[in-house]
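Listing of upload-v8.json; format and content: JSON, C-alpha atoms and all ligand atoms.
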```
[["chain", "number", "residue", "atom", "x", "y", "z"],
["A", 14, "MET", "CA", -19.19, -14.39, -32.72],
["A", 15, "ARG", "CA", -21.80, -11.78, -33.49],
["A", 16, "LEU", "CA", -19.47, -8.80, -34.08],
["A", 17, "ALA", "CA", -16.45, -10.54, -35.56],
["A", 18, "GLY", "CA", -14.16, -8.11, -37.38],
["A", 19, "LYS", "CA", -16.15, -5.01, -36.39],
["A", 20, "VAL", "CA", -14.70, -1.88, -34.82],
["A", 21, "ALA", "CA", -16.84, 0.08, -32.35],
["A", 22, "ILE", "CA", -16.69, 3.36, -30.45],
["A", 23, "ILE", "CA", -18.77, 3.44, -27.28],
["A", 24, "SER", "CA", -19.10, 6.84, -25.60],
["A", 25, "GLY", "CA", -19.49, 6.84, -21.84],
["A", 26, "ALA", "CA", -18.01, 3.33, -21.70],
["A", 27, "ALA", "CA", -16.10, 3.85, -18.44],
["A", 28, "SER", "CA", -19.21, 3.08, -16.42],
["A", 29, "GLY", "CA", -22.63, 1.47, -16.24],
["A", 30, "MET", "CA", -24.31, 0.31, -19.43],
["A", 31, "GLY", "CA", -21.51, 1.59, -21.69],
["A", 32, "ALA", "CA", -18.94, -0.51, -19.84],
["A", 33, "ALA", "CA", -21.25, -3.54, -20.04],
["A", 34, "ALA", "CA", -21.65, -3.02, -23.79],
["A", 35, "ALA", "CA", -17.86, -2.73, -24.20],
["A", 36, "ARG", "CA", -17.32, -6.09, -22.46],
["A", 37, "ILE", "CA", -20.07, -7.82, -24.44],
["A", 38, "PHE", "CA", -18.93, -6.33, -27.78],
["A", 39, "ALA", "CA", -15.36, -7.57, -27.17],
["A", 40, "ARG", "CA", -16.65, -11.02, -26.19],
["A", 41, "GLU", "CA", -18.49, -11.07, -29.54],
["A", 42, "GLY", "CA", -15.33, -10.34, -31.51],
["A", 43, "ALA", "CA", -15.32, -6.54, -31.85],
["A", 44, "LYS", "CA", -12.44, -4.14, -31.30],
["A", 45, "VAL", "CA", -13.77, -1.53, -28.89],
["A", 46, "VAL", "CA", -12.80, 2.07, -28.24],
["A", 47, "VAL", "CA", -13.82, 2.88, -24.67],
["A", 48, "ALA", "CA", -14.38, 6.63, -24.95],
["A", 49, "ASP", "CA", -15.07, 8.68, -21.83],
["A", 50, "LEU", "CA", -14.07, 11.65, -19.71],
["A", 51, "LEU", "CA", -13.08, 9.28, -16.88],
["A", 52, "GLU", "CA", -9.57, 8.04, -17.63],
["A", 53, "ALA", "CA", -8.96, 5.87, -14.56],
["A", 54, "GLU", "CA", -12.34, 4.10, -14.76],
["A", 55, "GLY", "CA", -12.05, 3.74, -18.55],
["A", 56, "GLY", "CA", -8.58, 2.27, -18.11],
["A", 57, "LYS", "CA", -9.99, -0.37, -15.74],
["A", 58, "VAL", "CA", -12.63, -1.39, -18.30],
["A", 59, "VAL", "CA", -9.87, -1.77, -20.90],
["A", 60, "ASP", "CA", -7.69, -3.78, -18.49],
["A", 61, "VAL", "CA", -10.52, -6.27, -17.95],
["A", 62, "ILE", "CA", -11.18, -6.64, -21.70],
["A", 63, "GLY", "CA", -7.54, -6.81, -22.83],
["A", 64, "ALA", "CA", -6.05, -6.16, -26.28],
["A", 65, "ALA", "CA", -9.41, -5.88, -28.05],
["A", 66, "ALA", "CA", -10.07, -2.59, -26.24],
["A", 67, "ARG", "CA", -8.44, 0.81, -26.13],
["A", 68, "PHE", "CA", -9.24, 3.89, -24.06],
["A", 69, "GLU", "CA", -9.61, 7.29, -25.68],
["A", 70, "ARG", "CA", -10.44, 10.40, -23.67],
["A", 71, "LEU", "CA", -13.63, 11.94, -25.05],
["A", 72, "ASP", "CA", -15.71, 14.91, -24.03],
["A", 73, "VAL", "CA", -18.87, 14.43, -26.09],
["A", 74, "THR", "CA", -19.71, 18.15, -25.83],
["A", 75, "ASP", "CA", -16.49, 19.09, -27.66],
["A", 76, "GLU", "CA", -16.53, 18.56, -31.41],
["A", 77, "THR", "CA", -12.73, 18.52, -31.71],
["A", 78, "SER", "CA", -12.63, 15.75, -29.11],
["A", 79, "TRP", "CA", -14.94, 13.64, -31.30],
["A", 80, "GLU", "CA", -12.76, 14.32, -34.35],
["A", 81, "ALA", "CA", -9.71, 13.15, -32.41],
["A", 82, "VAL", "CA", -11.38, 9.95, -31.18],
["A", 83, "VAL", "CA", -12.65, 8.98, -34.63],
["A", 84, "ALA", "CA", -9.18, 9.69, -36.09],
["A", 85, "ALA", "CA", -7.49, 7.61, -33.36],
["A", 86, "THR", "CA", -9.93, 4.74, -34.02],
["A", 87, "LEU", "CA", -9.10, 4.75, -37.73],
["A", 88, "ARG", "CA", -5.38, 4.98, -36.95],
["A", 89, "HIS", "CA", -5.36, 2.05, -34.51],
["A", 90, "PHE", "CA", -8.09, -0.24, -35.81],
["A", 91, "GLY", "CA", -8.31, 0.82, -39.49],
["A", 92, "ARG", "CA", -12.09, 1.30, -39.75],
["A", 93, "LEU", "CA", -15.27, 2.23, -37.88],
["A", 94, "ASP", "CA", -18.36, 0.00, -38.08],
["A", 95, "ILE", "CA", -20.35, 0.80, -34.93],
["A", 96, "LEU", "CA", -20.99, 3.88, -32.80],
["A", 97, "VAL", "CA", -22.87, 3.64, -29.52],
["A", 98, "ASN", "CA", -23.84, 7.16, -28.41],
["A", 99, "ASN", "CA", -24.23, 6.21, -24.75],
["A", 100, "ALA", "CA", -22.62, 8.99, -22.66],
["A", 101, "GLY", "CA", -25.13, 10.93, -20.62],
["A", 102, "ILE", "CA", -25.88, 12.79, -17.42],
["A", 103, "SER", "CA", -28.92, 12.34, -15.23],
["A", 104, "GLY", "CA", -32.06, 14.45, -15.22],
["A", 105, "SER", "CA", -31.64, 14.74, -11.47],
["A", 106, "SER", "CA", -28.02, 15.90, -11.73],
["A", 107, "VAL", "CA", -29.35, 19.37, -10.82],
["A", 108, "ALA", "CA", -31.65, 19.80, -7.83],
["A", 109, "ASP", "CA", -33.40, 22.88, -9.26],
["A", 110, "LEU", "CA", -35.75, 21.63, -11.99],
["A", 111, "TYR", "CA", -35.71, 25.13, -13.55],
["A", 112, "SER", "CA", -31.93, 25.62, -13.49],
["A", 113, "THR", "CA", -30.97, 27.35, -16.74],
["A", 114, "GLU", "CA", -27.37, 26.18, -16.36],
["A", 115, "GLY", "CA", -28.74, 22.64, -15.89],
["A", 116, "TRP", "CA", -30.77, 22.95, -19.08],
["A", 117, "HIS", "CA", -27.68, 23.87, -21.11],
["A", 118, "ARG", "CA", -25.44, 21.23, -19.50],
["A", 119, "ILE", "CA", -27.89, 18.35, -19.91],
["A", 120, "MET", "CA", -28.71, 19.31, -23.51],
["A", 121, "ALA", "CA", -24.99, 19.70, -24.33],
["A", 122, "VAL", "CA", -24.08, 16.20, -23.14],
["A", 123, "ASN", "CA", -27.22, 14.21, -23.95],
["A", 124, "ALA", "CA", -28.29, 15.80, -27.25],
["A", 125, "THR", "CA", -25.46, 17.86, -28.76],
["A", 126, "GLY", "CA", -23.02, 15.08, -27.88],
["A", 127, "VAL", "CA", -25.05, 12.67, -30.00],
["A", 128, "PHE", "CA", -25.12, 15.16, -32.89],
["A", 129, "PHE", "CA", -21.32, 15.56, -32.84],
["A", 130, "GLY", "CA", -20.75, 11.81, -32.53],
["A", 131, "THR", "CA", -23.07, 11.04, -35.42],
["A", 132, "LYS", "CA", -21.60, 13.81, -37.57],
["A", 133, "HIS", "CA", -18.03, 12.51, -37.28],
["A", 134, "ALA", "CA", -18.77, 8.78, -37.23],
["A", 135, "VAL", "CA", -20.88, 8.73, -40.40],
["A", 136, "LYS", "CA", -18.00, 10.15, -42.44],
["A", 137, "ALA", "CA", -15.79, 7.23, -41.39],
["A", 138, "MET", "CA", -18.62, 4.71, -41.84],
["A", 139, "ILE", "CA", -19.40, 5.94, -45.36],
["A", 140, "ALA", "CA", -15.70, 5.60, -46.24],
["A", 141, "GLY", "CA", -15.84, 2.01, -44.95],
["A", 142, "GLY", "CA", -19.04, 1.10, -46.81],
["A", 143, "GLY", "CA", -21.61, 1.37, -44.00],
["A", 144, "GLY", "CA", -22.19, 0.84, -40.30],
["A", 145, "ALA", "CA", -24.59, 0.85, -37.37],
["A", 146, "ILE", "CA", -25.33, 3.54, -34.79],
["A", 147, "VAL", "CA", -27.13, 2.82, -31.54],
["A", 148, "ASN", "CA", -28.29, 5.85, -29.55],
["A", 149, "MET", "CA", -29.08, 5.66, -25.85],
["A", 150, "SER", "CA", -32.34, 7.35, -25.12],
["A", 151, "SER", "CA", -34.59, 6.40, -22.18],
["A", 152, "ILE", "CA", -38.19, 5.76, -21.28],
["A", 153, "HIS", "CA", -37.93, 9.48, -20.49],
["A", 154, "GLY", "CA", -37.79, 10.05, -24.23],
["A", 155, "PHE", "CA", -41.39, 8.74, -24.22],
["A", 156, "VAL", "CA", -42.90, 9.98, -20.97],
["A", 157, "GLY", "CA", -42.46, 12.74, -18.39],
["A", 158, "SER", "CA", -41.44, 12.25, -14.77],
["A", 159, "GLU", "CA", -41.68, 14.13, -11.48],
["A", 160, "GLY", "CA", -38.03, 14.35, -10.50],
["A", 161, "SER", "CA", -36.09, 15.01, -13.72],
["A", 162, "HIS", "CA", -35.16, 18.34, -15.24],
["A", 163, "MET", "CA", -37.20, 18.82, -18.42],
["A", 164, "ALA", "CA", -33.91, 19.00, -20.34],
["A", 165, "TYR", "CA", -33.47, 15.28, -19.67],
["A", 166, "HIS", "CA", -36.80, 14.53, -21.34],
["A", 167, "ALA", "CA", -36.11, 17.05, -24.12],
["A", 168, "SER", "CA", -32.66, 15.57, -24.75],
["A", 169, "LYS", "CA", -33.86, 11.95, -24.75],
["A", 170, "GLY", "CA", -36.82, 12.86, -26.98],
["A", 171, "ALA", "CA", -34.36, 14.63, -29.27],
["A", 172, "VAL", "CA", -32.19, 11.51, -29.40],
["A", 173, "ARG", "CA", -35.24, 9.44, -30.36],
["A", 174, "LEU", "CA", -35.93, 11.72, -33.34],
["A", 175, "MET", "CA", -32.27, 12.29, -34.24],
["A", 176, "THR", "CA", -32.11, 8.50, -34.53],
["A", 177, "LYS", "CA", -34.91, 8.44, -37.10],
["A", 178, "THR", "CA", -33.33, 11.32, -39.05],
["A", 179, "THR", "CA", -30.00, 9.52, -39.21],
["A", 180, "ALA", "CA", -31.75, 6.32, -40.26],
["A", 181, "VAL", "CA", -33.61, 8.04, -43.09],
["A", 182, "GLN", "CA", -30.71, 10.20, -44.30],
["A", 183, "HIS", "CA", -28.07, 7.46, -44.25],
["A", 184, "ALA", "CA", -29.95, 4.32, -45.32],
["A", 185, "LYS", "CA", -28.53, 4.92, -48.79],
["A", 186, "ASP", "CA", -25.02, 4.80, -47.28],
["A", 187, "GLY", "CA", -25.59, 1.41, -45.65],
["A", 188, "ILE", "CA", -25.78, 2.97, -42.18],
["A", 189, "ARG", "CA", -28.52, 1.81, -39.79],
["A", 190, "CYS", "CA", -29.47, 3.82, -36.71],
["A", 191, "ASN", "CA", -31.71, 2.76, -33.83],
["A", 192, "SER", "CA", -32.41, 3.91, -30.28],
["A", 193, "VAL", "CA", -32.51, 1.97, -27.01],
["A", 194, "HIS", "CA", -34.79, 3.14, -24.18],
["A", 195, "PRO", "CA", -33.91, 1.73, -20.76],
["A", 196, "GLY", "CA", -36.26, 2.11, -17.83],
["A", 197, "THR", "CA", -35.15, 1.90, -14.19],
["A", 198, "MET", "CA", -31.54, 0.71, -14.11],
["A", 199, "PRO", "CA", -28.69, 0.98, -11.58],
["A", 200, "ALA", "CA", -28.48, 4.70, -10.76],
["A", 201, "MET", "CA", -26.31, 6.89, -12.97],
["A", 202, "ARG", "CA", -23.16, 8.43, -11.45],
["A", 203, "THR", "CA", -24.70, 11.86, -11.76],
["A", 204, "ALA", "CA", -28.10, 10.90, -10.32],
["A", 205, "GLY", "CA", -29.45, 13.03, -7.49],
["A", 206, "ARG", "CA", -33.03, 12.44, -6.42],
["A", 207, "SER", "CA", -33.45, 9.45, -8.75],
["A", 208, "ALA", "CA", -30.78, 7.52, -6.77],
["A", 209, "ASP", "CA", -32.81, 7.86, -3.53],
["A", 210, "PRO", "CA", -33.80, 4.33, -2.41],
["A", 211, "VAL", "CA", -37.33, 5.50, -1.53],
["A", 212, "VAL", "CA", -37.83, 7.06, -4.97],
["A", 213, "ARG", "CA", -36.43, 3.93, -6.64],
["A", 214, "ALA", "CA", -38.68, 1.62, -4.60],
["A", 215, "GLU", "CA", -41.74, 3.68, -5.68],
["A", 216, "ARG", "CA", -40.69, 3.46, -9.33],
["A", 217, "ILE", "CA", -40.06, -0.27, -9.12],
["A", 218, "LYS", "CA", -43.54, -0.84, -7.68],
["A", 219, "ALA", "CA", -45.00, 0.68, -10.87],
["A", 220, "ILE", "CA", -43.00, -1.60, -13.22],
["A", 221, "PRO", "CA", -44.96, -4.67, -14.40],
["A", 222, "MET", "CA", -41.88, -6.89, -13.85],
["A", 223, "ARG", "CA", -41.44, -5.36, -10.34],
["A", 224, "ARG", "CA", -37.67, -5.00, -10.58],
["A", 225, "ALA", "CA", -34.97, -2.73, -11.96],
["A", 226, "GLY", "CA", -33.09, -3.80, -15.09],
["A", 227, "GLU", "CA", -29.50, -5.01, -15.14],
["A", 228, "VAL", "CA", -26.79, -3.40, -17.27],
["A", 229, "ASP", "CA", -26.25, -6.55, -19.34],
["A", 230, "GLU", "CA", -29.96, -6.64, -20.24],
["A", 231, "VAL", "CA", -29.52, -3.28, -21.96],
["A", 232, "ALA", "CA", -26.11, -4.16, -23.39],
["A", 233, "ASN", "CA", -27.61, -7.24, -25.05],
["A", 234, "ALA", "CA", -30.23, -5.05, -26.74],
["A", 235, "ILE", "CA", -27.47, -2.73, -27.97],
["A", 236, "LEU", "CA", -25.53, -5.77, -29.23],
["A", 237, "PHE", "CA", -28.50, -7.01, -31.26],
["A", 238, "LEU", "CA", -29.12, -3.62, -32.91],
["A", 239, "ALA", "CA", -25.40, -3.15, -33.64],
["A", 240, "SER", "CA", -25.01, -6.61, -35.16],
["A", 241, "ASP", "CA", -25.84, -7.83, -38.66],
["A", 242, "GLU", "CA", -28.74, -9.78, -37.11],
["A", 243, "ALA", "CA", -30.59, -6.44, -37.21],
["A", 244, "SER", "CA", -29.77, -5.92, -40.91],
["A", 245, "TYR", "CA", -33.31, -4.77, -41.87],
["A", 246, "ILE", "CA", -33.93, -2.74, -38.70],
["A", 247, "THR", "CA", -33.37, 1.00, -38.82],
["A", 248, "GLY", "CA", -35.08, 4.05, -37.31],
["A", 249, "THR", "CA", -36.74, 1.99, -34.61],
["A", 250, "GLU", "CA", -36.86, 2.30, -30.83],
["A", 251, "LEU", "CA", -36.33, -0.60, -28.46],
["A", 252, "LEU", "CA", -37.72, -0.24, -24.94],
["A", 253, "VAL", "CA", -35.81, -2.23, -22.29],
["A", 254, "ASP", "CA", -37.97, -1.35, -19.33],
["A", 255, "GLY", "CA", -39.69, -4.37, -17.78],
["A", 256, "GLY", "CA", -42.96, -3.18, -19.32],
["A", 257, "ALA", "CA", -42.93, 0.26, -17.65],
["A", 258, "VAL", "CA", -44.17, 2.14, -20.73],
["A", 259, "ALA", "CA", -46.63, -0.61, -21.70],
["A", 260, "ILE", "CA", -49.03, 0.37, -18.90],
["B", 1, "LIG", "P1", -23.33, 6.22, -15.84],
["B", 1, "LIG", "O1", -23.37, 7.51, -15.11],
["B", 1, "LIG", "O2", -22.92, 4.98, -15.10],
["B", 1, "LIG", "O3", -22.42, 6.32, -17.15],
["B", 1, "LIG", "C1", -22.43, 7.46, -17.97],
["B", 1, "LIG", "C2", -21.04, 7.62, -18.55],
["B", 1, "LIG", "O4", -21.06, 8.78, -19.42],
["B", 1, "LIG", "C3", -19.98, 7.87, -17.48],
["B", 1, "LIG", "O5", -18.88, 7.00, -17.66],
["B", 1, "LIG", "C4", -19.59, 9.31, -17.70],
["B", 1, "LIG", "O6", -18.25, 9.62, -17.37],
["B", 1, "LIG", "C5", -19.86, 9.47, -19.19],
["B", 1, "LIG", "N1", -19.98, 10.90, -19.56],
["B", 1, "LIG", "C6", -20.73, 11.83, -18.97],
["B", 1, "LIG", "N2", -20.52, 13.03, -19.55],
["B", 1, "LIG", "C7", -19.62, 12.83, -20.54],
["B", 1, "LIG", "C8", -19.00, 13.67, -21.49],
["B", 1, "LIG", "N3", -19.24, 14.99, -21.54],
["B", 1, "LIG", "N4", -18.14, 13.12, -22.37],
["B", 1, "LIG", "C9", -17.85, 11.79, -22.33],
["B", 1, "LIG", "N5", -18.39, 10.95, -21.44],
["B", 1, "LIG", "C10", -19.26, 11.46, -20.55],
["B", 1, "LIG", "O7", -24.80, 6.03, -16.45],
["B", 1, "LIG", "P2", -25.52, 4.82, -17.21],
["B", 1, "LIG", "O8", -26.67, 4.42, -16.37],
["B", 1, "LIG", "O9", -24.57, 3.80, -17.69],
["B", 1, "LIG", "O10", -26.12, 5.65, -18.45],
["B", 1, "LIG", "C11", -25.74, 5.42, -19.80],
["B", 1, "LIG", "C12", -26.80, 6.04, -20.70],
["B", 1, "LIG", "O11", -28.07, 5.43, -20.46],
["B", 1, "LIG", "C13", -27.02, 7.53, -20.51],
["B", 1, "LIG", "O12", -27.22, 8.15, -21.78],
["B", 1, "LIG", "C14", -28.30, 7.59, -19.70],
["B", 1, "LIG", "O13", -29.00, 8.82, -19.88],
["B", 1, "LIG", "C15", -29.06, 6.41, -20.22],
["B", 1, "LIG", "N6", -30.07, 5.87, -19.30],
["B", 1, "LIG", "C16", -29.76, 5.55, -18.01],
["B", 1, "LIG", "C17", -30.74, 5.03, -17.18],
["B", 1, "LIG", "C18", -30.45, 4.66, -15.74],
["B", 1, "LIG", "O14", -31.42, 4.52, -14.96],
["B", 1, "LIG", "N7", -29.22, 4.44, -15.35],
["B", 1, "LIG", "C19", -32.03, 4.85, -17.65],
["B", 1, "LIG", "C20", -32.31, 5.21, -18.96],
["B", 1, "LIG", "C21", -31.33, 5.71, -19.79]]
```

For this file, write the structure as structure tokens.
Ligand code: NAD
Amino acid sequence: MRLAGKVAIISGAASGMGAAAARIFAREGAKVVVADLLEAEGGKVVDVIGAAARFERLDVTDETSWEAVVAATLRHFGRLDILVNNAGISGSSVADLYSTEGWHRIMAVNATGVFFGTKHAVKAMIAGGGGAIVNMSSIHGFVGSEGSHMAYHASKGAVRLMTKTTAVQHAKDGIRCNSVHPGTMPAMRTAGRSADPVVRAERIKAIPMRRAGEVDEVANAILFLASDEASYITGTELLVDGGAVAI
């Protein structure tokens, strides 16, 4: 098993790619904290996994909430080896691409949430002798798009660079940090325009592999970067996009 004996927190694990990563991590021997705002959905993910998983309510925009989740993880599982900063909201969660409120909300969840998670997880990882952080960015951390608020691109670009900063600053502590950049995947819960079948069909036409990705295809990339198989990989970015950014 590729994560035997490891303890992981996955933010946004009640749904989508976070839930897929939680299932795959548990299959590979990890204890998993499914951390999310959505208690009922998170509870269902835990029910499917069984005793290796535990739900903790987390609002990634609230620093005290992160402190509580890290403390609960240490209390129940005794250590913290892996953090997956996965929670996020869509760039089309607001219709008005110049919404100021949208700017603040998207940045708070997608960028500040990663800062808080990193800040509180590294303390626990240093105490345990090291760890691995995987940050969810996007192809939209590389390129612009027509239908997403610029805060989505700014936040995912920020995550890409926050990843490199964490990698450089904590290599000495035995902590690796890498980012994953999915392309077109099943629509996010908060997606507006980007969930439109016509918009999706247009996007898919432009992907060299001519299809959307599946959640397990991203979860497997997260698994690799979180595992000891990636022991000499830090500060890098892994595109999981069917070749979309290679054009
Ligand atoms: P999703 O909407 O299915 O899941 C996101 C999860 O984050 C949800 O469970 C949600 O409740 C949680 N969340 C949102 N705000 C939160 C908060 N304040 N505190 C705690 N949890 C919160 O979306 P997904 O497709 O699984 O997306 C996961 C990550 O992948 C996101 O960071 C997203 O930006 C990124 N991503 C998604 C796509 C895509 O097309 N779906 C593509 C590239 C990158």

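Counting all atoms listed in the file, Ala137 in chain A has the following residues at most 10 Å away, ignoring those fewer than 4 positions along the same chain: Val83, Ala84, Thr86, Leu87, Arg92, Leu93, Asp94, Lys132, His133, Gly141, Gly142, Gly143 and Gly144 of chain A.
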
In the coordinates of the file, take the point (-14.0, 5.2, -27.5) and a cut-off of 9 Å; then, counting only C-alpha atoms, name each qualifying protein, DNA or RNA residue as a tab-separated table (two decimals) with C-alpha atoms, keeping the file's coordinate frame.
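The resulting file, part.tsv, is reproduced below:
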```tsv
chain	number	residue	atom	x	y	z
A	21	ALA	CA	-16.84	0.08	-32.35
A	22	ILE	CA	-16.69	3.36	-30.45
A	23	ILE	CA	-18.77	3.44	-27.28
A	24	SER	CA	-19.10	6.84	-25.60
A	25	GLY	CA	-19.49	6.84	-21.84
A	26	ALA	CA	-18.01	3.33	-21.70
A	45	VAL	CA	-13.77	-1.53	-28.89
A	46	VAL	CA	-12.80	2.07	-28.24
A	47	VAL	CA	-13.82	2.88	-24.67
A	48	ALA	CA	-14.38	6.63	-24.95
A	49	ASP	CA	-15.07	8.68	-21.83
A	66	ALA	CA	-10.07	-2.59	-26.24
A	67	ARG	CA	-8.44	0.81	-26.13
A	68	PHE	CA	-9.24	3.89	-24.06
A	69	GLU	CA	-9.61	7.29	-25.68
A	70	ARG	CA	-10.44	10.40	-23.67
A	71	LEU	CA	-13.63	11.94	-25.05
A	82	VAL	CA	-11.38	9.95	-31.18
A	83	VAL	CA	-12.65	8.98	-34.63
A	86	THR	CA	-9.93	4.74	-34.02
A	96	LEU	CA	-20.99	3.88	-32.80
```

(request) Write as a PyMOL selection string the residues around ligand LIG 1 (chain B), taking 6 Å as the cut-off and counting all atoms listed in the file. (result) chain A and resi 24-31+49-51+71-74+99-103+122+149-151+195-203

(request) Select, from A:Ala171, A:Ala232, A:Leu252, A:Ala239, the residue with the minimum atom-to-atom distance to Ala43 in chain A, counting all atoms listed in the file. (result)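 Using all atoms listed in the file, Ala43 in chain A sits closest to A:Ala239.
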
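Protein, DNA and RNA residues at most 12 Å from (-34.8, 12.6, -39.3), with all atoms listed in the file, are these: Phe128, Ala171, Val172, Arg173, Leu174, Met175, Thr176, Lys177, Thr178, Thr179, Ala180, Val181, Gln182, His183, Ala184, Cys190, Asn191, Thr247, Gly248 and Thr249 of chain A.
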
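Comparing the minimum interatomic distances between Met14 in chain A and each of A:Ile119, A:Ile246, A:Leu236, A:Ala259, counting only C-alpha atoms, we find that A:Leu236 sits nearest.
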
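Closest approach to Gly160 in chain A from the set A:Thr113, A:Thr131, A:Asn98, A:Ser105 is made by A:Ser105, with distances taken over all atoms listed in the file.
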
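For the residues A:Gly91, A:Gly104, A:Gly130, A:Gly55, ranking by smallest atom-to-atom distance to Thr77 in chain A using only C-alpha atoms places A:Gly130 first.
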
(request) Take CA of Arg36 in chain A and CA of Val231 in chain A and report the distance between them in Å, one decimal. (result)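 Interatomic distance, CA of Arg36 in chain A to CA of Val231 in chain A: 12.5 Å.
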
(message) Here is a test: counting all atoms listed in the file, which residue of A:Lys19, A:His194, A:Arg206, A:Lys44 is nearest to Ala234 in chain A?
(response)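 Closest to Ala234 in chain A of all the choices is A:His194.
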
(message) One number please: CA of Lys136 in chain A to CA of Asn148 in chain A, in Å, one decimal.
(response)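 Spanning CA of Lys136 in chain A to CA of Asn148 in chain A is a straight-line distance of 17.0 Å.
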
(message) Just the number, please: distance in Å from CA of Pro221 in chain A to CA of Ile260 in chain A, one decimal.
(response) 7.9 Å

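When all atoms listed in the file are used to measure the gap to Ser158 in chain A, the shortest distance among A:Ala124, A:Val228, A:Ala64, A:Leu110 belongs to A:Leu110.
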
Give, as AutoDock Vina command-line options, the centre coordinates and the x, y and z edge lengths in Å to one decimal for an axis-aligned box around all listed atoms of range 141-158 of chain A, padded by 3 Å on each side.
```
--center_x -29.4 --center_y 6.8 --center_z -30.8 --size_x 33.1 --size_y 17.9 --size_z 38.0
```

(request) For Phe237 in chain A, work out the shell of residues within 12 Å, counting only C-alpha atoms and skipping chain neighbours fewer than 5 positions away, then give it as a ChimeraX atom specification. (result) /A:14-16,34,37-38,41,95,145-147,191-193,230-232,242-246,251

(request) Please provide as a list in words all residues within 9 Å of Met222 in chain A, with the sequence filter that same-chain residues fewer than 5 positions apart are discarded (counting only C-alpha atoms). (result) Ile217, Asp254, Gly255, Gly256 and Ala257 of chain A
